[in-house]
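See structure below.
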Amino acid sequence: MMGIILSVLFALISPEVMGQSYQVVSDKTENGIRYVSASPSEEVCAKKIDIEIYTKDRTIKSIVFTRGCAGNAKGIGALAEGMKVEDAIKRLKGISCGKRPTSCPDQLARVLESLKW
């Protein structure tokens, strides 16, 4: 009985149930730049996140959100440009949007965190 209760509780708080799941659609490296494209959770307004990272020092070259709040998405990209991947994760992970348990910045942090170096 306790096992069933724990399974139900885990399902209720798991990131996938909370809408915090994302999918890395493509991940390739060319000429020292890593190009990552991800599809964020359906719970956020953005439909796609394109990220370019310099592989030499893991510095963010650019971030482009497709759809979503245009000003906020451009702002996130501009602020993160030149930032180390690890620093962006620390600053953005866990940010919610209104009553939603995740946000575009949180989804970006989760994608960055999932990348293997």
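If you're wondering about the labels, chains in the structure tokens are A, B, ... by order shown, residues count from 1 in each chain, ligands from 1 in order shown.
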
Selection near stretch 85-98 of chain A, 9 Å with only C-alpha atoms, sequence-local residues under 4 positions removed, as a list in words
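Listing them by chain and then by number gives Val44, Ile53, Arg58, Thr59, Ile60, Ala80, Thr102, Ser103, Cys104, Pro105, Asp106, Gln107, Leu108, Ala109, Arg110, Leu112 and Glu113 of chain A.
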
Just N, CA, C and O atoms for this one: save the residues we selected as a compact mmCIF listing (two decimals), in the first residue's frame.
# COMPACT_ATOMS: atom_id res chain seq x y z
N VAL A 44 4.63 26.25 -21.55
CA VAL A 44 5.18 27.58 -21.79
C VAL A 44 4.75 28.06 -23.17
O VAL A 44 4.33 27.28 -24.02
N ILE A 53 26.38 27.62 -28.68
CA ILE A 53 27.34 27.66 -27.58
C ILE A 53 28.74 27.44 -28.15
O ILE A 53 28.97 26.50 -28.91
N ARG A 58 32.45 26.92 -23.36
CA ARG A 58 31.03 26.76 -22.99
C ARG A 58 30.35 28.09 -22.68
O ARG A 58 29.63 28.24 -21.70
N THR A 59 30.59 29.05 -23.56
CA THR A 59 29.97 30.37 -23.47
C THR A 59 28.82 30.44 -24.47
O THR A 59 28.95 29.99 -25.61
N ILE A 60 27.71 31.01 -24.05
CA ILE A 60 26.53 31.11 -24.92
C ILE A 60 26.77 32.18 -25.98
O ILE A 60 27.07 33.33 -25.66
N ALA A 80 21.72 36.49 -21.68
CA ALA A 80 22.51 35.25 -21.58
C ALA A 80 23.69 35.23 -22.54
O ALA A 80 24.64 34.48 -22.34
N THR A 102 6.72 26.09 -14.43
CA THR A 102 7.92 26.27 -15.24
C THR A 102 7.76 27.55 -16.04
O THR A 102 6.74 28.23 -15.96
N SER A 103 8.79 27.90 -16.81
CA SER A 103 8.78 29.11 -17.62
C SER A 103 9.76 28.92 -18.77
O SER A 103 10.50 27.94 -18.81
N CYS A 104 9.78 29.88 -19.69
CA CYS A 104 10.76 29.80 -20.78
C CYS A 104 12.19 29.81 -20.24
O CYS A 104 13.01 29.00 -20.66
N PRO A 105 12.53 30.71 -19.29
CA PRO A 105 13.89 30.66 -18.74
C PRO A 105 14.21 29.33 -18.05
O PRO A 105 15.31 28.80 -18.19
N ASP A 106 13.24 28.78 -17.32
CA ASP A 106 13.44 27.50 -16.65
C ASP A 106 13.65 26.39 -17.67
O ASP A 106 14.53 25.53 -17.50
N GLN A 107 12.89 26.38 -18.74
CA GLN A 107 13.04 25.37 -19.79
C GLN A 107 14.42 25.48 -20.43
O GLN A 107 15.08 24.48 -20.66
N LEU A 108 14.88 26.71 -20.68
CA LEU A 108 16.22 26.93 -21.22
C LEU A 108 17.27 26.34 -20.27
O LEU A 108 18.18 25.62 -20.70
N ALA A 109 17.15 26.63 -18.99
CA ALA A 109 18.10 26.11 -18.00
C ALA A 109 18.11 24.59 -18.00
O ALA A 109 19.17 23.97 -17.93
N ARG A 110 16.95 23.98 -18.09
CA ARG A 110 16.86 22.53 -18.06
C ARG A 110 17.50 21.90 -19.31
O ARG A 110 18.16 20.87 -19.23
N LEU A 112 19.93 23.32 -21.10
CA LEU A 112 21.38 23.52 -20.92
C LEU A 112 21.96 22.51 -19.94
O LEU A 112 23.02 21.95 -20.16
N GLU A 113 21.22 22.25 -18.87
CA GLU A 113 21.68 21.32 -17.85
C GLU A 113 21.78 19.89 -18.38
O GLU A 113 22.61 19.11 -17.94

As an exercise, work out the distance from atom CA of A:Ala78 to atom CA of A:Phe65 in Å and give it to one decimal place.
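Interatomic distance here is 11.4 Å.
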
Please, which residues of chain A, numbered as in this document, come out strand (DSSP E or B) from DSSP, as a ChimeraX atom specification?
/A:23-30,33-39,48-54,59-66,84,97,100

Which is closest to A:Val24 among A:Gly82, A:Gly75, A:Pro40, A:Gly68, if we use only C-alpha atoms?
A:Pro40

Which of chain A end up as alpha helix (DSSP H) when DSSP is run on this backbone - answer as a count of residues only?
42

I'd like to know which of A:Lys99, A:Lys61, A:Ala73, A:Gln23 is closest to A:Ala46, using only C-alpha atoms.
A:Ala73

Please indicate the distance in Å from atom CA of A:Lys74 to atom CA of A:Thr29, rounded to one decimal place.
23.7 Å

Might you pull out every residue within 9 Å of A:Ile33, with only C-alpha atoms counted and same-chain residues fewer than 2 positions away left off, and present them as a PyMOL selection string?
chain A and resi 28-31+35+52-56+61

Prev. selection, all heavy atoms, output as a compact mmCIF listing (two decimals), in the first residue's frame:
# COMPACT_ATOMS: atom_id res chain seq x y z
N LYS A 28 24.16 19.37 -32.60
CA LYS A 28 25.31 19.11 -33.46
C LYS A 28 26.37 20.17 -33.21
O LYS A 28 26.08 21.27 -32.74
CB LYS A 28 24.92 19.07 -34.92
CG LYS A 28 24.37 20.38 -35.46
CD LYS A 28 23.93 20.24 -36.90
CE LYS A 28 23.38 21.60 -37.38
NZ LYS A 28 22.99 21.56 -38.76
N THR A 29 27.61 19.82 -33.53
CA THR A 29 28.73 20.74 -33.36
C THR A 29 29.44 20.90 -34.69
O THR A 29 29.75 19.91 -35.36
CB THR A 29 29.70 20.21 -32.29
OG1 THR A 29 28.99 20.04 -31.07
CG2 THR A 29 30.85 21.17 -32.08
N GLU A 30 29.68 22.17 -35.05
CA GLU A 30 30.42 22.48 -36.28
C GLU A 30 31.30 23.69 -36.01
O GLU A 30 30.83 24.69 -35.46
CB GLU A 30 29.45 22.80 -37.43
CG GLU A 30 28.64 21.64 -37.92
CD GLU A 30 27.68 22.04 -39.04
OE1 GLU A 30 27.77 23.18 -39.54
OE2 GLU A 30 26.83 21.21 -39.39
N ASN A 31 32.55 23.61 -36.42
CA ASN A 31 33.47 24.73 -36.32
C ASN A 31 33.52 25.36 -34.93
O ASN A 31 33.54 26.58 -34.80
CB ASN A 31 33.14 25.80 -37.37
CG ASN A 31 33.20 25.25 -38.79
OD1 ASN A 31 34.07 24.45 -39.11
ND2 ASN A 31 32.27 25.66 -39.62
N TYR A 35 25.26 23.63 -31.76
CA TYR A 35 23.92 24.09 -32.13
C TYR A 35 22.90 23.13 -31.52
O TYR A 35 22.88 21.96 -31.86
CB TYR A 35 23.75 24.11 -33.65
CG TYR A 35 24.72 25.03 -34.36
CD1 TYR A 35 25.95 24.56 -34.81
CD2 TYR A 35 24.41 26.37 -34.56
CE1 TYR A 35 26.85 25.41 -35.45
CE2 TYR A 35 25.29 27.21 -35.21
CZ TYR A 35 26.51 26.73 -35.65
OH TYR A 35 27.39 27.57 -36.28
N GLU A 52 23.11 28.50 -29.43
CA GLU A 52 24.45 28.34 -29.98
C GLU A 52 25.44 28.55 -28.84
O GLU A 52 25.35 29.55 -28.12
CB GLU A 52 24.72 29.34 -31.10
CG GLU A 52 23.84 29.13 -32.31
CD GLU A 52 24.13 30.13 -33.43
OE1 GLU A 52 24.96 31.05 -33.24
OE2 GLU A 52 23.51 29.99 -34.49
N ILE A 53 26.38 27.62 -28.68
CA ILE A 53 27.34 27.66 -27.58
C ILE A 53 28.74 27.44 -28.15
O ILE A 53 28.97 26.50 -28.91
CB ILE A 53 27.05 26.55 -26.55
CG1 ILE A 53 25.61 26.66 -26.03
CG2 ILE A 53 28.06 26.61 -25.39
CD1 ILE A 53 25.14 25.43 -25.28
N TYR A 54 29.67 28.33 -27.76
CA TYR A 54 31.07 28.11 -28.12
C TYR A 54 31.58 26.91 -27.30
O TYR A 54 31.50 26.92 -26.08
CB TYR A 54 31.92 29.34 -27.80
CG TYR A 54 31.59 30.55 -28.64
CD1 TYR A 54 30.96 31.65 -28.09
CD2 TYR A 54 31.92 30.59 -30.00
CE1 TYR A 54 30.66 32.77 -28.86
CE2 TYR A 54 31.62 31.69 -30.78
CZ TYR A 54 30.99 32.79 -30.20
OH TYR A 54 30.70 33.88 -30.96
N THR A 55 32.08 25.89 -28.00
CA THR A 55 32.50 24.67 -27.30
C THR A 55 33.79 24.85 -26.52
O THR A 55 33.99 24.17 -25.52
CB THR A 55 32.67 23.50 -28.28
OG1 THR A 55 33.60 23.86 -29.30
CG2 THR A 55 31.33 23.13 -28.93
N LYS A 56 34.64 25.75 -26.94
CA LYS A 56 35.94 25.93 -26.30
C LYS A 56 35.80 26.28 -24.82
O LYS A 56 36.48 25.73 -23.98
CB LYS A 56 36.75 27.00 -27.03
CG LYS A 56 38.13 27.20 -26.48
CD LYS A 56 38.90 28.21 -27.28
CE LYS A 56 40.30 28.38 -26.71
NZ LYS A 56 41.07 29.37 -27.48
N LYS A 61 26.64 31.78 -27.22
CA LYS A 61 26.77 32.71 -28.34
C LYS A 61 25.43 33.40 -28.62
O LYS A 61 25.36 34.61 -28.77
CB LYS A 61 27.24 31.97 -29.60
CG LYS A 61 27.41 32.86 -30.80
CD LYS A 61 27.90 32.09 -32.01
CE LYS A 61 28.09 33.07 -33.16
NZ LYS A 61 27.68 32.54 -34.43

Work out how far atom CA of A:Tyr22 is from atom CA of A:Val64, in Å to one decimal.
15.8 Å
